[in-house]
Amino acid sequence: MKAVLQDEYGGAEVLQVGETENPVPGKHQVVVKVAATSVNRADIIQREGNYNQPPGDSPILGLEVAGVVDELGAGVMGFKTGERVMCLVGGGGYAEYASAYASHLMKIPKSMSFEQAACVSETYITAYLNVFTIACLKDGETVLLHGGGGGVNTSAIQLCKTLMPDVTVLVTASTGKTDRVRALGADHVIDYKTEDFAEAVRTFTSKKGVDIILDHIGGKYLTQNLKSLAVGGRLVIIGLMGGAKSEINLAPLMVKRQQILGSVLRSRPVDEKTRITEEFSQNVLPLFAEGHIKPLIHQVLSLEEVAEAHRIMEASAHFGKIVLTL
Ligand SMILES: NC(=O)c1ccc[n+]([C@@H]2O[C@H](COP(=O)([O-])OP(=O)(O)OC[C@H]3O[C@@H](n4cnc5c(N)ncnc54)[C@H](OP(=O)(O)O)[C@@H]3O)[C@@H](O)[C@H]2O)c1
C-alpha cells in the first residue's frame, strides 16, 4: 500500500510517500481503507524523533482517520465492510490502509464528508476528554483555552459554546487570529503576542480568575496559568510546546485549592479509549449529525503534499485542521 514513510528523523523534507506492507487486522480490530486523515501537532514531534508510537502500534505517522471498513478481524461485531467510519489510531493514519480497534470506530454521520470526519477522533475527543471529563467543566463556569487557532482549541471553543452555552470562554491567540477566534464564539480573546494573558484574565474576571484552563504550552505558562486560576480551579496540561520544566511557588496553589492535572490520549490502554469513545459518541456525535458542530478545515492537501502540510502547521499558518486525502 501507499504510505508516508521516513528513513530518518528530521524536518518535513524527510517525509516521502512510498510502498509498504498492508496492515493485518488483529483480534477485535478492523482495517480501514483511509479516505482522509488529518495532521496533529504530535505528528511533527514524532517525525522529529521525540514521540514514538506506543508498543504494538504502527510507526507510520497519523492519529485519526476516516474511510470505509475494508476487512474485519476475529471477534468483530457491529460493523460490515464498506461502512463509513472514523476513528482514533495509535499510529498509521498517513496510509492507504490503517488498522484500528473496532471499539474505537464511530459511524460517520450522513451529513459529514470524509475530510470533516478525519478531524473528529483525535481532535474533538481530546478537547472533550480534557475539558468535560477530566476538568469537569460545569455550566456557568469560566474556561481559558490557549492557542485558539489550533485544531484542539478551535474544537474546544465549539464544544464549550454548544454543550454548555452559559460557560464563559476566554481564549489566547496570536495577533492575526483573534477575529476568527471571536467569530467562533469566544467571549473574550487575548492576543498573547501583545498582552500578558494573566493580567488580561484578572481584569476580565474582576480578579476572580477562571475555573478551568486547557494548556498545551506547559513549563513556560505554568506560573501565569496558576495566577489566572480561581479558587478551586483546575489546570489541565496536555502539551509541552513551551517546555516541560518550571519552578512554582506551591503556597498559592495550596491556599487557593487548585489542581494541576496531566493527560495523554494516545498511550491509554485500549479499554480506556473504548470508554472514552463511547462517552463521546453518546454526548457529542449527535451534534455533528445534526449540524450543530462542523469541523473547521484550514486546507485539504493530498497525501503526496504531506511535507507542505507539516510546514504549514510548523509555521502556525493554519486556523483549524489540515487534512490529507488519499
Ligand atoms: N495530551 C493529549 O492527549 C493531546 C492530544 C492532542 C493534542 N495534544 C497537544 O495539544 C496541542 C495542540 O495540538 P494541535 O494538534 O491542535 O496543534 P495546532 O493545531 O498546531 O495548535 C497549536 C496552537 O498553539 C498555538 N500557540 C503556539 N504558541 C502559543 C503560545 N505561547 N500561547 C498560546 N498559544 C500558542 C498556535 O497558535 P497561534 O497561531 O495563535 O500561535 C497553534 O495554533 C499540542 O501541544 C499537542 O501536542 C495533546
# chains A, B, ... in the order shown; residues from 1 in each chain; ligands from 1

$ select_by_dssp --residues "range 37-277 of chain A" --states "alpha helix (DSSP H)" --output "ChimeraX atom specification"
/A:41-47,114-117,121-128,151-163,178-183,197-204,222-228,250-255,270-277

$ residues_near_ligand --ligand "ligand 1" --cutoff "7 Å" --atoms "only C-alpha atoms and all ligand atoms" --output "number ranges by chain"
A: 39-42, 122-123, 126, 146-153, 172-174, 177, 192, 216-217, 238-242, 263-266, 313, 316-321

$ atom_distance --atom1 "CA of Pro252 in chain A" --atom2 "CA of Val231 in chain A"
9.5 Å

$ atom_distance --atom1 "CA of Asp187 in chain A" --atom2 "CA of Cys160 in chain A"
11.1 Å

$ residues_around --residues "range 97-99 of chain A" --least-positions-apart "6" --cutoff "6 Å" --atoms "only C-alpha atoms" --output "compact mmCIF listing (two decimals) with C-alpha atoms, in the first residue's frame"
# COMPACT_ATOMS: atom_id res chain seq x y z
CA PRO A 25 -6.34 -6.85 11.43
CA VAL A 30 -10.63 -3.85 11.56
CA VAL A 31 -8.66 -2.48 8.64
CA VAL A 32 -9.98 0.85 7.38
CA LYS A 33 -9.40 1.93 3.77
CA VAL A 34 -8.40 5.52 4.52

$ closest_residue --among "A:Ala102, A:Val69, A:Met1, A:Ala198" --to "Gly26 in chain A" --atoms "only C-alpha atoms"
A:Ala102

$ residues_around --residues "range 10-19 of chain A" --least-positions-apart "2" --cutoff "7 Å" --atoms "only C-alpha atoms" --output "JSON, numbers by chain"
{"A": [1, 2, 3, 4, 5, 6, 8, 47, 48, 304, 307, 310, 311]}

$ atom_distance --atom1 "CA of Glu21 in chain A" --atom2 "CA of Gly73 in chain A"
17.0 Å

$ residues_around --residues "Ala36 in chain A" --least-positions-apart "2" --cutoff "7 Å" --atoms "only C-alpha atoms" --output "PyMOL selection string"
chain A and resi 34+38+65-67+114-115+118+323-326

$ decode --residues "range 102-124 of chain A" --atoms "N, CA, C and O atoms" --output "mmCIF file, in the first residue's frame"
data_model
loop_
_atom_site.group_PDB
_atom_site.id
_atom_site.type_symbol
_atom_site.label_atom_id
_atom_site.label_comp_id
_atom_site.auth_asym_id
_atom_site.auth_seq_id
_atom_site.Cartn_x
_atom_site.Cartn_y
_atom_site.Cartn_z
ATOM 1 N N ALA A 102 -12.075 -2.115 16.729
ATOM 2 C CA ALA A 102 -13.480 -1.908 16.344
ATOM 3 C C ALA A 102 -14.190 -1.049 17.384
ATOM 4 O O ALA A 102 -15.061 -0.240 17.049
ATOM 5 N N SER A 103 -13.773 -1.194 18.644
ATOM 6 C CA SER A 103 -14.437 -0.425 19.704
ATOM 7 C C SER A 103 -14.043 1.051 19.690
ATOM 8 O O SER A 103 -14.569 1.837 20.469
ATOM 9 N N HIS A 104 -13.107 1.419 18.809
ATOM 10 C CA HIS A 104 -12.733 2.834 18.684
ATOM 11 C C HIS A 104 -13.367 3.477 17.438
ATOM 12 O O HIS A 104 -13.116 4.643 17.151
ATOM 13 N N LEU A 105 -14.159 2.686 16.714
ATOM 14 C CA LEU A 105 -14.785 3.216 15.495
ATOM 15 C C LEU A 105 -16.063 3.978 15.822
ATOM 16 O O LEU A 105 -16.800 3.606 16.725
ATOM 17 N N MET A 106 -16.314 5.024 15.046
ATOM 18 C CA MET A 106 -17.609 5.719 15.108
ATOM 19 C C MET A 106 -18.133 5.783 13.675
ATOM 20 O O MET A 106 -17.357 6.044 12.740
ATOM 21 N N LYS A 107 -19.438 5.509 13.513
ATOM 22 C CA LYS A 107 -20.010 5.600 12.169
ATOM 23 C C LYS A 107 -20.107 7.079 11.780
ATOM 24 O O LYS A 107 -20.511 7.906 12.598
ATOM 25 N N ILE A 108 -19.712 7.398 10.559
ATOM 26 C CA ILE A 108 -19.721 8.807 10.128
ATOM 27 C C ILE A 108 -21.164 9.224 9.828
ATOM 28 O O ILE A 108 -21.835 8.582 9.016
ATOM 29 N N PRO A 109 -21.633 10.294 10.478
ATOM 30 C CA PRO A 109 -22.985 10.776 10.152
ATOM 31 C C PRO A 109 -23.100 11.105 8.660
ATOM 32 O O PRO A 109 -22.128 11.563 8.046
ATOM 33 N N LYS A 110 -24.288 10.855 8.104
ATOM 34 C CA LYS A 110 -24.510 11.051 6.650
ATOM 35 C C LYS A 110 -24.142 12.460 6.191
ATOM 36 O O LYS A 110 -23.654 12.661 5.081
ATOM 37 N N SER A 111 -24.359 13.437 7.073
ATOM 38 C CA SER A 111 -24.132 14.827 6.678
ATOM 39 C C SER A 111 -22.650 15.200 6.600
ATOM 40 O O SER A 111 -22.306 16.296 6.172
ATOM 41 N N MET A 112 -21.766 14.295 7.020
ATOM 42 C CA MET A 112 -20.338 14.658 7.073
ATOM 43 C C MET A 112 -19.527 14.038 5.942
ATOM 44 O O MET A 112 -19.711 12.873 5.598
ATOM 45 N N SER A 113 -18.579 14.818 5.420
ATOM 46 C CA SER A 113 -17.654 14.304 4.401
ATOM 47 C C SER A 113 -16.519 13.545 5.098
ATOM 48 O O SER A 113 -16.318 13.683 6.311
ATOM 49 N N PHE A 114 -15.770 12.775 4.305
ATOM 50 C CA PHE A 114 -14.594 12.093 4.878
ATOM 51 C C PHE A 114 -13.588 13.126 5.412
ATOM 52 O O PHE A 114 -12.954 12.905 6.436
ATOM 53 N N GLU A 115 -13.445 14.238 4.697
ATOM 54 C CA GLU A 115 -12.481 15.269 5.126
ATOM 55 C C GLU A 115 -12.856 15.798 6.508
ATOM 56 O O GLU A 115 -12.006 15.968 7.380
ATOM 57 N N GLN A 116 -14.144 16.074 6.702
ATOM 58 C CA GLN A 116 -14.600 16.566 8.017
ATOM 59 C C GLN A 116 -14.420 15.475 9.077
ATOM 60 O O GLN A 116 -13.945 15.746 10.186
ATOM 61 N N ALA A 117 -14.779 14.249 8.711
ATOM 62 C CA ALA A 117 -14.723 13.147 9.680
ATOM 63 C C ALA A 117 -13.289 12.859 10.127
ATOM 64 O O ALA A 117 -13.062 12.375 11.243
ATOM 65 N N ALA A 118 -12.323 13.168 9.261
ATOM 66 C CA ALA A 118 -10.917 12.920 9.610
ATOM 67 C C ALA A 118 -10.417 13.875 10.693
ATOM 68 O O ALA A 118 -9.302 13.734 11.189
ATOM 69 N N CYS A 119 -11.237 14.862 11.050
ATOM 70 C CA CYS A 119 -10.828 15.863 12.050
ATOM 71 C C CYS A 119 -11.471 15.622 13.409
ATOM 72 O O CYS A 119 -11.326 16.451 14.309
ATOM 73 N N VAL A 120 -12.217 14.545 13.554
ATOM 74 C CA VAL A 120 -13.027 14.395 14.766
ATOM 75 C C VAL A 120 -12.313 13.615 15.871
ATOM 76 O O VAL A 120 -12.252 14.060 17.022
ATOM 77 N N SER A 121 -11.743 12.461 15.553
ATOM 78 C CA SER A 121 -11.402 11.496 16.612
ATOM 79 C C SER A 121 -10.324 11.997 17.572
ATOM 80 O O SER A 121 -10.550 12.045 18.782
ATOM 81 N N GLU A 122 -9.170 12.371 17.078
ATOM 82 C CA GLU A 122 -8.107 12.824 17.975
ATOM 83 C C GLU A 122 -8.435 14.220 18.523
ATOM 84 O O GLU A 122 -8.290 14.506 19.713
ATOM 85 N N THR A 123 -8.895 15.066 17.639
ATOM 86 C CA THR A 123 -9.014 16.486 17.972
ATOM 87 C C THR A 123 -10.166 16.765 18.934
ATOM 88 O O THR A 123 -9.964 17.310 20.026
ATOM 89 N N TYR A 124 -11.383 16.410 18.531
ATOM 90 C CA TYR A 124 -12.544 16.702 19.393
ATOM 91 C C TYR A 124 -12.548 15.816 20.629
ATOM 92 O O TYR A 124 -12.985 16.239 21.686
#
